[in-house]
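Asks: Data file upload.cif (mmCIF, N, CA and C atoms) is appended below.
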```
data_upload
#
loop_
_atom_site.group_PDB
_atom_site.id
_atom_site.type_symbol
_atom_site.label_atom_id
_atom_site.label_comp_id
_atom_site.auth_asym_id
_atom_site.auth_seq_id
_atom_site.Cartn_x
_atom_site.Cartn_y
_atom_site.Cartn_z
ATOM 1 N N MET H 143 -11.580 27.441 82.456
ATOM 2 C CA MET H 143 -11.242 28.555 83.294
ATOM 3 C C MET H 143 -12.393 28.817 84.274
ATOM 4 N N ARG H 144 -12.055 29.069 85.487
ATOM 5 C CA ARG H 144 -13.050 29.333 86.521
ATOM 6 C C ARG H 144 -13.306 30.832 86.589
ATOM 7 N N CYS H 145 -14.582 31.200 86.640
ATOM 8 C CA CYS H 145 -14.944 32.605 86.796
ATOM 9 C C CYS H 145 -16.203 32.692 87.652
ATOM 10 N N VAL H 146 -16.428 33.871 88.209
ATOM 11 C CA VAL H 146 -17.591 34.094 89.058
ATOM 12 C C VAL H 146 -18.478 35.118 88.365
ATOM 13 N N ILE H 147 -19.732 34.720 88.135
ATOM 14 C CA ILE H 147 -20.719 35.618 87.531
ATOM 15 C C ILE H 147 -21.946 35.584 88.432
ATOM 16 N N ALA H 148 -22.369 36.747 88.882
ATOM 17 C CA ALA H 148 -23.512 36.885 89.791
ATOM 18 C C ALA H 148 -23.314 36.048 91.055
ATOM 19 N N ARG H 149 -22.112 36.083 91.579
ATOM 20 C CA ARG H 149 -21.725 35.401 92.813
ATOM 21 C C ARG H 149 -21.784 33.873 92.719
ATOM 22 N N PHE H 150 -21.890 33.333 91.506
ATOM 23 C CA PHE H 150 -21.881 31.885 91.315
ATOM 24 C C PHE H 150 -20.634 31.502 90.531
ATOM 25 N N PRO H 151 -19.915 30.475 90.974
ATOM 26 C CA PRO H 151 -18.722 30.040 90.231
ATOM 27 C C PRO H 151 -19.108 29.206 89.005
ATOM 28 N N PHE H 152 -18.422 29.451 87.900
ATOM 29 C CA PHE H 152 -18.625 28.703 86.664
ATOM 30 C C PHE H 152 -17.275 28.248 86.133
ATOM 31 N N GLU H 153 -17.272 27.121 85.472
ATOM 32 C CA GLU H 153 -16.077 26.581 84.841
ATOM 33 C C GLU H 153 -16.359 26.527 83.337
ATOM 34 N N PHE H 154 -15.682 27.381 82.557
ATOM 35 C CA PHE H 154 -15.911 27.456 81.121
ATOM 36 C C PHE H 154 -14.624 27.205 80.360
ATOM 37 N N THR H 155 -14.773 26.665 79.153
ATOM 38 C CA THR H 155 -13.681 26.647 78.187
ATOM 39 C C THR H 155 -14.162 27.425 76.972
ATOM 40 N N LYS H 156 -13.235 27.876 76.170
ATOM 41 C CA LYS H 156 -13.599 28.663 74.986
ATOM 42 C C LYS H 156 -14.501 27.837 74.068
ATOM 43 N N GLN H 157 -14.186 26.559 73.884
ATOM 44 C CA GLN H 157 -14.974 25.714 72.994
ATOM 45 C C GLN H 157 -16.394 25.505 73.521
ATOM 46 N N GLU H 158 -16.550 25.408 74.829
ATOM 47 C CA GLU H 158 -17.892 25.260 75.407
ATOM 48 C C GLU H 158 -18.760 26.490 75.117
ATOM 49 N N VAL H 159 -18.154 27.660 75.190
ATOM 50 C CA VAL H 159 -18.897 28.891 74.907
ATOM 51 C C VAL H 159 -19.288 28.926 73.432
ATOM 52 N N VAL H 160 -18.352 28.577 72.544
ATOM 53 C CA VAL H 160 -18.643 28.556 71.111
ATOM 54 C C VAL H 160 -19.775 27.575 70.823
ATOM 55 N N ASP H 161 -19.712 26.383 71.415
ATOM 56 C CA ASP H 161 -20.757 25.373 71.212
ATOM 57 C C ASP H 161 -22.108 25.842 71.752
ATOM 58 N N SER H 162 -22.113 26.534 72.891
ATOM 59 C CA SER H 162 -23.357 27.030 73.482
ATOM 60 C C SER H 162 -24.024 28.079 72.602
ATOM 61 N N MET H 163 -23.222 28.896 71.925
ATOM 62 C CA MET H 163 -23.767 29.983 71.122
ATOM 63 C C MET H 163 -24.079 29.554 69.694
ATOM 64 N N LYS H 164 -23.709 28.333 69.327
ATOM 65 C CA LYS H 164 -23.989 27.835 67.989
ATOM 66 C C LYS H 164 -25.495 27.757 67.784
ATOM 67 N N GLY H 165 -25.979 28.316 66.702
ATOM 68 C CA GLY H 165 -27.406 28.285 66.404
ATOM 69 C C GLY H 165 -28.212 29.376 67.080
ATOM 70 N N ILE H 166 -27.584 30.216 67.888
ATOM 71 C CA ILE H 166 -28.267 31.326 68.561
ATOM 72 C C ILE H 166 -28.155 32.563 67.666
ATOM 73 N N LYS H 167 -29.282 33.168 67.357
ATOM 74 C CA LYS H 167 -29.294 34.371 66.523
ATOM 75 C C LYS H 167 -28.946 35.581 67.386
ATOM 76 N N PRO H 168 -27.956 36.380 66.962
ATOM 77 C CA PRO H 168 -27.587 37.563 67.750
ATOM 78 C C PRO H 168 -28.716 38.593 67.791
ATOM 79 N N GLU H 169 -28.905 39.172 68.962
ATOM 80 C CA GLU H 169 -29.873 40.254 69.125
ATOM 81 C C GLU H 169 -29.217 41.563 68.698
ATOM 82 N N ALA H 170 -30.003 42.605 68.623
ATOM 83 C CA ALA H 170 -29.466 43.921 68.278
ATOM 84 C C ALA H 170 -28.497 44.371 69.369
ATOM 85 N N ILE H 171 -27.377 44.922 68.972
ATOM 86 C CA ILE H 171 -26.343 45.343 69.926
ATOM 87 C C ILE H 171 -26.555 46.810 70.257
ATOM 88 N N THR H 172 -26.759 47.079 71.543
ATOM 89 C CA THR H 172 -26.946 48.460 71.987
ATOM 90 C C THR H 172 -25.848 48.898 72.941
ATOM 91 N N GLY H 173 -25.040 47.974 73.402
ATOM 92 C CA GLY H 173 -23.972 48.298 74.345
ATOM 93 C C GLY H 173 -22.755 47.443 74.065
ATOM 94 N N GLU H 174 -22.246 46.802 75.101
ATOM 95 C CA GLU H 174 -21.059 45.967 74.956
ATOM 96 C C GLU H 174 -21.381 44.711 74.155
ATOM 97 N N SER H 175 -20.377 44.250 73.394
ATOM 98 C CA SER H 175 -20.578 43.055 72.585
ATOM 99 C C SER H 175 -19.337 42.181 72.627
ATOM 100 N N VAL H 176 -19.525 40.916 72.226
ATOM 101 C CA VAL H 176 -18.423 39.954 72.176
ATOM 102 C C VAL H 176 -18.487 39.238 70.832
ATOM 103 N N LEU H 177 -17.325 39.028 70.230
ATOM 104 C CA LEU H 177 -17.222 38.350 68.947
ATOM 105 C C LEU H 177 -17.004 36.869 69.209
ATOM 106 N N ILE H 178 -17.975 36.053 68.793
ATOM 107 C CA ILE H 178 -17.875 34.598 68.944
ATOM 108 C C ILE H 178 -18.042 34.013 67.555
ATOM 109 N N GLY H 179 -17.004 33.364 67.075
ATOM 110 C CA GLY H 179 -17.007 32.907 65.692
ATOM 111 C C GLY H 179 -16.922 34.126 64.794
ATOM 112 N N ARG H 180 -17.905 34.278 63.912
ATOM 113 C CA ARG H 180 -17.940 35.455 63.045
ATOM 114 C C ARG H 180 -19.086 36.383 63.399
ATOM 115 N N ARG H 181 -19.722 36.161 64.537
ATOM 116 C CA ARG H 181 -20.887 36.959 64.924
ATOM 117 C C ARG H 181 -20.614 37.768 66.179
ATOM 118 N N HIS H 182 -21.182 38.964 66.205
ATOM 119 C CA HIS H 182 -21.122 39.817 67.395
ATOM 120 C C HIS H 182 -22.411 39.622 68.180
ATOM 121 N N TYR H 183 -22.280 39.302 69.454
ATOM 122 C CA TYR H 183 -23.427 39.107 70.344
ATOM 123 C C TYR H 183 -23.371 40.132 71.462
ATOM 124 N N PRO H 184 -24.520 40.614 71.942
ATOM 125 C CA PRO H 184 -24.518 41.442 73.154
ATOM 126 C C PRO H 184 -24.039 40.583 74.330
ATOM 127 N N VAL H 185 -23.213 41.147 75.210
ATOM 128 C CA VAL H 185 -22.658 40.354 76.303
ATOM 129 C C VAL H 185 -23.743 39.823 77.232
ATOM 130 N N LYS H 186 -24.817 40.564 77.404
ATOM 131 C CA LYS H 186 -25.902 40.080 78.268
ATOM 132 C C LYS H 186 -26.548 38.832 77.674
ATOM 133 N N GLN H 187 -26.695 38.768 76.358
ATOM 134 C CA GLN H 187 -27.258 37.584 75.717
ATOM 135 C C GLN H 187 -26.329 36.382 75.919
ATOM 136 N N VAL H 188 -25.035 36.588 75.746
ATOM 137 C CA VAL H 188 -24.071 35.511 75.949
ATOM 138 C C VAL H 188 -24.114 35.036 77.398
ATOM 139 N N GLY H 189 -24.132 35.983 78.332
ATOM 140 C CA GLY H 189 -24.192 35.625 79.751
ATOM 141 C C GLY H 189 -25.422 34.812 80.088
ATOM 142 N N GLU H 190 -26.550 35.190 79.527
ATOM 143 C CA GLU H 190 -27.800 34.473 79.786
ATOM 144 C C GLU H 190 -27.732 33.042 79.246
ATOM 145 N N VAL H 191 -27.158 32.873 78.059
ATOM 146 C CA VAL H 191 -27.088 31.540 77.451
ATOM 147 C C VAL H 191 -26.114 30.639 78.207
ATOM 148 N N ILE H 192 -24.928 31.142 78.514
ATOM 149 C CA ILE H 192 -23.912 30.255 79.107
ATOM 150 C C ILE H 192 -24.143 29.994 80.593
ATOM 151 N N THR H 193 -24.772 30.938 81.304
ATOM 152 C CA THR H 193 -24.993 30.719 82.741
ATOM 153 C C THR H 193 -26.388 30.198 83.050
ATOM 154 N N ARG H 194 -27.318 30.336 82.094
ATOM 155 C CA ARG H 194 -28.731 29.970 82.283
ATOM 156 C C ARG H 194 -29.369 30.776 83.420
ATOM 157 N N GLN H 195 -28.909 32.020 83.568
ATOM 158 C CA GLN H 195 -29.466 32.931 84.575
ATOM 159 C C GLN H 195 -30.164 34.085 83.878
ATOM 160 N N ASP H 196 -31.019 34.758 84.603
ATOM 161 C CA ASP H 196 -31.689 35.938 84.081
ATOM 162 C C ASP H 196 -30.661 37.053 83.907
ATOM 163 N N ARG H 197 -30.829 37.860 82.877
ATOM 164 C CA ARG H 197 -29.887 38.946 82.593
ATOM 165 C C ARG H 197 -29.776 39.966 83.707
ATOM 166 N N ARG H 198 -30.822 40.085 84.501
ATOM 167 C CA ARG H 198 -30.791 41.073 85.586
ATOM 168 C C ARG H 198 -29.932 40.619 86.758
ATOM 169 N N ASP H 199 -29.503 39.346 86.747
ATOM 170 C CA ASP H 199 -28.732 38.804 87.865
ATOM 171 C C ASP H 199 -27.237 39.109 87.780
ATOM 172 N N PHE H 200 -26.750 39.549 86.622
ATOM 173 C CA PHE H 200 -25.322 39.804 86.475
ATOM 174 C C PHE H 200 -25.107 41.088 85.679
ATOM 175 N N THR H 201 -23.886 41.590 85.740
ATOM 176 C CA THR H 201 -23.563 42.805 84.990
ATOM 177 C C THR H 201 -22.852 42.425 83.697
ATOM 178 N N SER H 202 -22.878 43.345 82.750
ATOM 179 C CA SER H 202 -22.173 43.083 81.496
ATOM 180 C C SER H 202 -20.663 43.040 81.731
ATOM 181 N N GLY H 203 -20.185 43.761 82.726
ATOM 182 C CA GLY H 203 -18.760 43.747 83.047
ATOM 183 C C GLY H 203 -18.267 42.386 83.489
ATOM 184 N N GLU H 204 -19.087 41.662 84.259
ATOM 185 C CA GLU H 204 -18.701 40.322 84.699
ATOM 186 C C GLU H 204 -18.525 39.384 83.509
ATOM 187 N N VAL H 205 -19.456 39.451 82.575
ATOM 188 C CA VAL H 205 -19.392 38.578 81.401
ATOM 189 C C VAL H 205 -18.251 39.009 80.483
ATOM 190 N N THR H 206 -18.067 40.316 80.323
ATOM 191 C CA THR H 206 -16.986 40.816 79.479
ATOM 192 C C THR H 206 -15.634 40.361 80.009
ATOM 193 N N ARG H 207 -15.427 40.445 81.315
ATOM 194 C CA ARG H 207 -14.162 39.985 81.906
ATOM 195 C C ARG H 207 -13.943 38.506 81.650
ATOM 196 N N ALA H 208 -14.984 37.701 81.843
ATOM 197 C CA ALA H 208 -14.870 36.254 81.636
ATOM 198 C C ALA H 208 -14.558 35.942 80.173
ATOM 199 N N MET H 209 -15.253 36.602 79.246
ATOM 200 C CA MET H 209 -15.038 36.334 77.815
ATOM 201 C C MET H 209 -13.647 36.789 77.376
ATOM 202 N N SER H 210 -13.183 37.919 77.917
ATOM 203 C CA SER H 210 -11.833 38.400 77.600
ATOM 204 C C SER H 210 -10.775 37.416 78.087
ATOM 205 N N ARG H 211 -10.967 36.896 79.289
ATOM 206 C CA ARG H 211 -10.010 35.930 79.838
ATOM 207 C C ARG H 211 -9.992 34.629 79.047
ATOM 208 N N LEU H 212 -11.117 34.294 78.419
ATOM 209 C CA LEU H 212 -11.166 33.098 77.582
ATOM 210 C C LEU H 212 -10.575 33.340 76.193
ATOM 211 N N GLY H 213 -10.325 34.603 75.849
ATOM 212 C CA GLY H 213 -9.686 34.914 74.576
ATOM 213 C C GLY H 213 -10.611 35.457 73.506
ATOM 214 N N PHE H 214 -11.843 35.795 73.868
ATOM 215 C CA PHE H 214 -12.773 36.376 72.904
ATOM 216 C C PHE H 214 -12.526 37.874 72.789
ATOM 217 N N THR H 215 -12.847 38.437 71.630
ATOM 218 C CA THR H 215 -12.729 39.876 71.410
ATOM 219 C C THR H 215 -13.997 40.551 71.899
ATOM 220 N N CYS H 216 -13.837 41.507 72.807
ATOM 221 C CA CYS H 216 -14.982 42.234 73.372
ATOM 222 C C CYS H 216 -14.889 43.695 72.973
ATOM 223 N N ARG H 217 -16.045 44.308 72.767
ATOM 224 C CA ARG H 217 -16.118 45.734 72.439
ATOM 225 C C ARG H 217 -17.028 46.416 73.427
ATOM 226 N N ASN H 218 -16.641 47.653 73.810
ATOM 227 C CA ASN H 218 -17.540 48.401 74.682
ATOM 228 C C ASN H 218 -18.553 49.135 73.825
ATOM 229 N N GLY H 219 -19.498 49.786 74.420
ATOM 230 C CA GLY H 219 -20.586 50.421 73.692
ATOM 231 C C GLY H 219 -20.168 51.554 72.785
ATOM 232 N N GLU H 220 -19.054 52.230 73.059
ATOM 233 C CA GLU H 220 -18.624 53.360 72.242
ATOM 234 C C GLU H 220 -17.995 52.918 70.934
ATOM 235 N N GLU H 221 -17.352 51.741 70.937
ATOM 236 C CA GLU H 221 -16.718 51.252 69.710
ATOM 237 C C GLU H 221 -17.785 50.722 68.775
ATOM 238 N N SER H 222 -17.660 51.053 67.536
ATOM 239 C CA SER H 222 -18.622 50.538 66.564
ATOM 240 C C SER H 222 -17.988 49.405 65.784
ATOM 241 N N ALA H 223 -18.820 48.567 65.219
ATOM 242 C CA ALA H 223 -18.329 47.474 64.396
ATOM 243 C C ALA H 223 -17.698 48.064 63.134
ATOM 244 N N PRO H 224 -16.741 47.344 62.540
ATOM 245 C CA PRO H 224 -16.114 47.864 61.336
ATOM 246 C C PRO H 224 -17.149 48.061 60.221
ATOM 247 N N VAL H 225 -17.014 49.168 59.519
ATOM 248 C CA VAL H 225 -17.949 49.475 58.446
ATOM 249 C C VAL H 225 -17.217 49.479 57.117
ATOM 250 N N ALA H 226 -17.916 49.110 56.076
ATOM 251 C CA ALA H 226 -17.327 49.119 54.740
ATOM 252 C C ALA H 226 -17.132 50.563 54.295
ATOM 253 N N PRO H 227 -16.123 50.798 53.464
ATOM 254 C CA PRO H 227 -15.922 52.167 52.993
ATOM 255 C C PRO H 227 -17.133 52.638 52.196
ATOM 256 N N ALA H 228 -17.475 53.896 52.369
ATOM 257 C CA ALA H 228 -18.646 54.459 51.709
ATOM 258 C C ALA H 228 -18.371 54.629 50.216
ATOM 259 N N ALA H 229 -19.404 54.437 49.415
ATOM 260 C CA ALA H 229 -19.284 54.636 47.972
ATOM 261 C C ALA H 229 -19.140 56.135 47.708
ATOM 262 N N PRO H 230 -18.412 56.495 46.650
ATOM 263 C CA PRO H 230 -18.274 57.924 46.363
ATOM 264 C C PRO H 230 -19.635 58.533 46.038
ATOM 265 N N ALA H 231 -19.822 59.747 46.469
ATOM 266 C CA ALA H 231 -21.099 60.435 46.253
ATOM 267 C C ALA H 231 -21.268 60.747 44.776
ATOM 268 N N LEU H 232 -22.492 60.604 44.287
ATOM 269 C CA LEU H 232 -22.793 60.895 42.893
ATOM 270 C C LEU H 232 -23.207 62.353 42.747
ATOM 271 N N THR H 233 -22.847 62.923 41.607
ATOM 272 C CA THR H 233 -23.315 64.272 41.302
ATOM 273 C C THR H 233 -24.777 64.164 40.900
ATOM 274 N N PRO H 234 -25.515 65.261 40.908
ATOM 275 C CA PRO H 234 -26.918 65.199 40.491
ATOM 276 C C PRO H 234 -27.086 64.623 39.079
ATOM 277 N N LEU H 235 -26.179 64.951 38.160
ATOM 278 C CA LEU H 235 -26.254 64.434 36.794
ATOM 279 C C LEU H 235 -26.052 62.917 36.782
ATOM 280 N N GLN H 236 -25.050 62.423 37.549
ATOM 281 C CA GLN H 236 -24.787 60.988 37.616
ATOM 282 C C GLN H 236 -25.970 60.250 38.252
ATOM 283 N N ALA H 237 -26.585 60.844 39.285
ATOM 284 C CA ALA H 237 -27.726 60.204 39.944
ATOM 285 C C ALA H 237 -28.905 60.100 38.985
ATOM 286 N N ALA H 238 -29.163 61.160 38.205
ATOM 287 C CA ALA H 238 -30.254 61.143 37.234
ATOM 288 C C ALA H 238 -29.994 60.107 36.154
ATOM 289 N N SER H 239 -28.751 60.008 35.679
ATOM 290 C CA SER H 239 -28.402 59.032 34.661
ATOM 291 C C SER H 239 -28.582 57.612 35.176
ATOM 292 N N ALA H 240 -28.213 57.394 36.432
ATOM 293 C CA ALA H 240 -28.354 56.053 37.026
ATOM 294 C C ALA H 240 -29.819 55.684 37.144
ATOM 295 N N LEU H 241 -30.694 56.660 37.464
ATOM 296 C CA LEU H 241 -32.119 56.391 37.571
ATOM 297 C C LEU H 241 -32.742 56.053 36.219
ATOM 298 N N LEU H 242 -32.266 56.701 35.163
ATOM 299 C CA LEU H 242 -32.803 56.458 33.831
ATOM 300 C C LEU H 242 -32.337 55.113 33.269
ATOM 301 N N GLY H 243 -31.169 54.662 33.689
ATOM 302 C CA GLY H 243 -30.662 53.375 33.192
ATOM 303 C C GLY H 243 -29.964 53.524 31.854
ATOM 304 N N THR H 244 -29.628 52.378 31.264
ATOM 305 C CA THR H 244 -28.947 52.376 29.991
ATOM 306 C C THR H 244 -29.944 52.155 28.864
ATOM 307 N N PRO H 245 -29.662 52.629 27.661
ATOM 308 C CA PRO H 245 -30.592 52.431 26.549
ATOM 309 C C PRO H 245 -30.695 50.956 26.179
ATOM 310 N N ALA H 246 -31.877 50.533 25.770
ATOM 311 C CA ALA H 246 -32.081 49.149 25.367
ATOM 312 C C ALA H 246 -31.492 48.942 23.974
ATOM 313 N N SER H 247 -30.929 47.787 23.745
ATOM 314 C CA SER H 247 -30.324 47.519 22.438
ATOM 315 C C SER H 247 -31.348 47.027 21.452
#
```
For this file, write the structure as structure tokens.
Replies:
Amino acid sequence: MRCVIARFPFEFTKQEVVDSMKGIKPEAITGESVLIGRRHYPVKQVGEVITRQDRRDFTSGEVTRAMSRLGFTCRNGEESAPVAPAAPALTPLQAASALLGTPAS
């Protein structure tokens, strides 16, 4: 698929993006993110890797549009990643018992 990022035309396929991001450790996500494989990456990090340009040269919106058109799941900064259900809160008695542990046999 052809897309324009920072006024430069690029030709990407979904598999090329997956291959480019293989072995890249995701940075901390503070804004928009894209799901590639089983990992969430900041869109600016993905843009930098696939275009080989400095992050200041393009916007996150340009990369998000390109990744969406390729079929990747993108999240904006307000959406949070899915979280596991919280464990039920312990009463003070249960918390004290858990700290003491079980009796030794």
Asks: Closest to Phe200 (chain H) among H:Pro245, H:Ser162, H:His182, H:Val146, using only C-alpha atoms?
Replies: H:Val146
Asks: Evaluated on this file, the PyMOL selection byres ((chain H and resi 186) around 7) picks out some residues - which ones are they, written as an NGL selection string?
Replies: :H and (174-175 or 183-185 or 187-191 or 197 or 201-202)
Asks: Counting only N, CA and C atoms, which residue out of H:Ala237, H:Ala208, H:Val160, H:Ile166 sits closest to Cys145 (chain H)?
Replies: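 That would be H:Ala208, the residue with the smallest distance to Cys145 (chain H).
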Asks: To one decimal place, how far is atom N of Arg217 (chain H) from CA of Phe150 (chain H) in Å?
Replies: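 We find that atom N of Arg217 (chain H) and CA of Phe150 (chain H) lie 23.1 Å from each other.
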Asks: Would you mind writing down, as a short mmCIF file (atom, residue, chain, number, x, y, z; two decimals) with N, CA and C atoms, in the frame of the given file, each residue of chain H that DSSP on the backbone assigns to helix (DSSP H, G or I)?
Replies:
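To be explicit, this is the file written out as states-v3.cif:
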```cif
data_model
loop_
_atom_site.label_atom_id
_atom_site.label_comp_id
_atom_site.auth_asym_id
_atom_site.auth_seq_id
_atom_site.Cartn_x
_atom_site.Cartn_y
_atom_site.Cartn_z
N LYS H 156 -13.24 27.88 76.17
CA LYS H 156 -13.60 28.66 74.99
C LYS H 156 -14.50 27.84 74.07
N GLN H 157 -14.19 26.56 73.88
CA GLN H 157 -14.97 25.71 72.99
C GLN H 157 -16.39 25.50 73.52
N GLU H 158 -16.55 25.41 74.83
CA GLU H 158 -17.89 25.26 75.41
C GLU H 158 -18.76 26.49 75.12
N VAL H 159 -18.15 27.66 75.19
CA VAL H 159 -18.90 28.89 74.91
C VAL H 159 -19.29 28.93 73.43
N VAL H 160 -18.35 28.58 72.54
CA VAL H 160 -18.64 28.56 71.11
C VAL H 160 -19.77 27.58 70.82
N ASP H 161 -19.71 26.38 71.42
CA ASP H 161 -20.76 25.37 71.21
C ASP H 161 -22.11 25.84 71.75
N SER H 162 -22.11 26.53 72.89
CA SER H 162 -23.36 27.03 73.48
C SER H 162 -24.02 28.08 72.60
N MET H 163 -23.22 28.90 71.92
CA MET H 163 -23.77 29.98 71.12
C MET H 163 -24.08 29.55 69.69
N VAL H 185 -23.21 41.15 75.21
CA VAL H 185 -22.66 40.35 76.30
C VAL H 185 -23.74 39.82 77.23
N LYS H 186 -24.82 40.56 77.40
CA LYS H 186 -25.90 40.08 78.27
C LYS H 186 -26.55 38.83 77.67
N GLN H 187 -26.70 38.77 76.36
CA GLN H 187 -27.26 37.58 75.72
C GLN H 187 -26.33 36.38 75.92
N VAL H 188 -25.04 36.59 75.75
CA VAL H 188 -24.07 35.51 75.95
C VAL H 188 -24.11 35.04 77.40
N GLY H 189 -24.13 35.98 78.33
CA GLY H 189 -24.19 35.62 79.75
C GLY H 189 -25.42 34.81 80.09
N GLU H 190 -26.55 35.19 79.53
CA GLU H 190 -27.80 34.47 79.79
C GLU H 190 -27.73 33.04 79.25
N VAL H 191 -27.16 32.87 78.06
CA VAL H 191 -27.09 31.54 77.45
C VAL H 191 -26.11 30.64 78.21
N ILE H 192 -24.93 31.14 78.51
CA ILE H 192 -23.91 30.26 79.11
C ILE H 192 -24.14 29.99 80.59
N THR H 193 -24.77 30.94 81.30
CA THR H 193 -24.99 30.72 82.74
C THR H 193 -26.39 30.20 83.05
N ARG H 197 -30.83 37.86 82.88
CA ARG H 197 -29.89 38.95 82.59
C ARG H 197 -29.78 39.97 83.71
N ARG H 198 -30.82 40.08 84.50
CA ARG H 198 -30.79 41.07 85.59
C ARG H 198 -29.93 40.62 86.76
N ASP H 199 -29.50 39.35 86.75
CA ASP H 199 -28.73 38.80 87.86
C ASP H 199 -27.24 39.11 87.78
N SER H 202 -22.88 43.34 82.75
CA SER H 202 -22.17 43.08 81.50
C SER H 202 -20.66 43.04 81.73
N GLY H 203 -20.18 43.76 82.73
CA GLY H 203 -18.76 43.75 83.05
C GLY H 203 -18.27 42.39 83.49
N GLU H 204 -19.09 41.66 84.26
CA GLU H 204 -18.70 40.32 84.70
C GLU H 204 -18.52 39.38 83.51
N VAL H 205 -19.46 39.45 82.58
CA VAL H 205 -19.39 38.58 81.40
C VAL H 205 -18.25 39.01 80.48
N THR H 206 -18.07 40.32 80.32
CA THR H 206 -16.99 40.82 79.48
C THR H 206 -15.63 40.36 80.01
N ARG H 207 -15.43 40.44 81.32
CA ARG H 207 -14.16 39.98 81.91
C ARG H 207 -13.94 38.51 81.65
N ALA H 208 -14.98 37.70 81.84
CA ALA H 208 -14.87 36.25 81.64
C ALA H 208 -14.56 35.94 80.17
N MET H 209 -15.25 36.60 79.25
CA MET H 209 -15.04 36.33 77.82
C MET H 209 -13.65 36.79 77.38
N SER H 210 -13.18 37.92 77.92
CA SER H 210 -11.83 38.40 77.60
C SER H 210 -10.78 37.42 78.09
N ARG H 211 -10.97 36.90 79.29
CA ARG H 211 -10.01 35.93 79.84
C ARG H 211 -9.99 34.63 79.05
N LEU H 212 -11.12 34.29 78.42
CA LEU H 212 -11.17 33.10 77.58
C LEU H 212 -10.58 33.34 76.19
N PRO H 234 -25.52 65.26 40.91
CA PRO H 234 -26.92 65.20 40.49
C PRO H 234 -27.09 64.62 39.08
N LEU H 235 -26.18 64.95 38.16
CA LEU H 235 -26.25 64.43 36.79
C LEU H 235 -26.05 62.92 36.78
N GLN H 236 -25.05 62.42 37.55
CA GLN H 236 -24.79 60.99 37.62
C GLN H 236 -25.97 60.25 38.25
N ALA H 237 -26.58 60.84 39.28
CA ALA H 237 -27.73 60.20 39.94
C ALA H 237 -28.90 60.10 38.98
N ALA H 238 -29.16 61.16 38.20
CA ALA H 238 -30.25 61.14 37.23
C ALA H 238 -29.99 60.11 36.15
N SER H 239 -28.75 60.01 35.68
CA SER H 239 -28.40 59.03 34.66
C SER H 239 -28.58 57.61 35.18
N ALA H 240 -28.21 57.39 36.43
CA ALA H 240 -28.35 56.05 37.03
C ALA H 240 -29.82 55.68 37.14
N LEU H 241 -30.69 56.66 37.46
CA LEU H 241 -32.12 56.39 37.57
C LEU H 241 -32.74 56.05 36.22
N LEU H 242 -32.27 56.70 35.16
CA LEU H 242 -32.80 56.46 33.83
C LEU H 242 -32.34 55.11 33.27
#
```
Asks: Assign secondary structure with DSSP using the backbone only, and return the residues of chain H in strand (DSSP E) as a list in words.
Replies: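 After running DSSP on the backbone, chain H has strand (DSSP E) at Arg144, Cys145, Val146, Ile147, Phe150, Pro151, Phe152, Glu153, Ser175, Val176, Leu177, Ile178, Arg181, His182, Tyr183, Pro184, Thr215, Cys216 and Arg217 of chain H.
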Asks: So how many Å separate CA of Asp199 (chain H) and CA of Ala148 (chain H), to one decimal?
Replies: 5.9 Å
Asks: When you draw a straight line from atom N of Lys156 (chain H) to atom C of Thr172 (chain H), how long is it in Å?
Replies: 24.7 Å
Asks: Any chance you could work out the residue set of the PyMOL selection byres ((chain H and resi 216) around 7) here, as an mmCIF file with N, CA and C atoms, in the coordinates of the input?
Replies:
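Output file selection_38.cif follows:
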```cif
data_model
loop_
_atom_site.group_PDB
_atom_site.id
_atom_site.type_symbol
_atom_site.label_atom_id
_atom_site.label_comp_id
_atom_site.auth_asym_id
_atom_site.auth_seq_id
_atom_site.Cartn_x
_atom_site.Cartn_y
_atom_site.Cartn_z
ATOM 1 N N GLU H 174 -22.246 46.802 75.101
ATOM 2 C CA GLU H 174 -21.059 45.967 74.956
ATOM 3 C C GLU H 174 -21.381 44.711 74.155
ATOM 4 N N SER H 175 -20.377 44.250 73.394
ATOM 5 C CA SER H 175 -20.578 43.055 72.585
ATOM 6 C C SER H 175 -19.337 42.181 72.627
ATOM 7 N N VAL H 176 -19.525 40.916 72.226
ATOM 8 C CA VAL H 176 -18.423 39.954 72.176
ATOM 9 C C VAL H 176 -18.487 39.238 70.832
ATOM 10 N N LEU H 177 -17.325 39.028 70.230
ATOM 11 C CA LEU H 177 -17.222 38.350 68.947
ATOM 12 C C LEU H 177 -17.004 36.869 69.209
ATOM 13 N N THR H 206 -18.067 40.316 80.323
ATOM 14 C CA THR H 206 -16.986 40.816 79.479
ATOM 15 C C THR H 206 -15.634 40.361 80.009
ATOM 16 N N MET H 209 -15.253 36.602 79.246
ATOM 17 C CA MET H 209 -15.038 36.334 77.815
ATOM 18 C C MET H 209 -13.647 36.789 77.376
ATOM 19 N N SER H 210 -13.183 37.919 77.917
ATOM 20 C CA SER H 210 -11.833 38.400 77.600
ATOM 21 C C SER H 210 -10.775 37.416 78.087
ATOM 22 N N GLY H 213 -10.325 34.603 75.849
ATOM 23 C CA GLY H 213 -9.686 34.914 74.576
ATOM 24 C C GLY H 213 -10.611 35.457 73.506
ATOM 25 N N PHE H 214 -11.843 35.795 73.868
ATOM 26 C CA PHE H 214 -12.773 36.376 72.904
ATOM 27 C C PHE H 214 -12.526 37.874 72.789
ATOM 28 N N THR H 215 -12.847 38.437 71.630
ATOM 29 C CA THR H 215 -12.729 39.876 71.410
ATOM 30 C C THR H 215 -13.997 40.551 71.899
ATOM 31 N N ARG H 217 -16.045 44.308 72.767
ATOM 32 C CA ARG H 217 -16.118 45.734 72.439
ATOM 33 C C ARG H 217 -17.028 46.416 73.427
ATOM 34 N N ASN H 218 -16.641 47.653 73.810
ATOM 35 C CA ASN H 218 -17.540 48.401 74.682
ATOM 36 C C ASN H 218 -18.553 49.135 73.825
#
```
Asks: Using only C-alpha atoms for the distances, tell me which of H:Thr193, H:Gly165, H:Ile178, H:Thr233 is nearest to Pro151 (chain H).
Replies: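 Looking at the shortest contact to Pro151 (chain H), the residue is H:Thr193.
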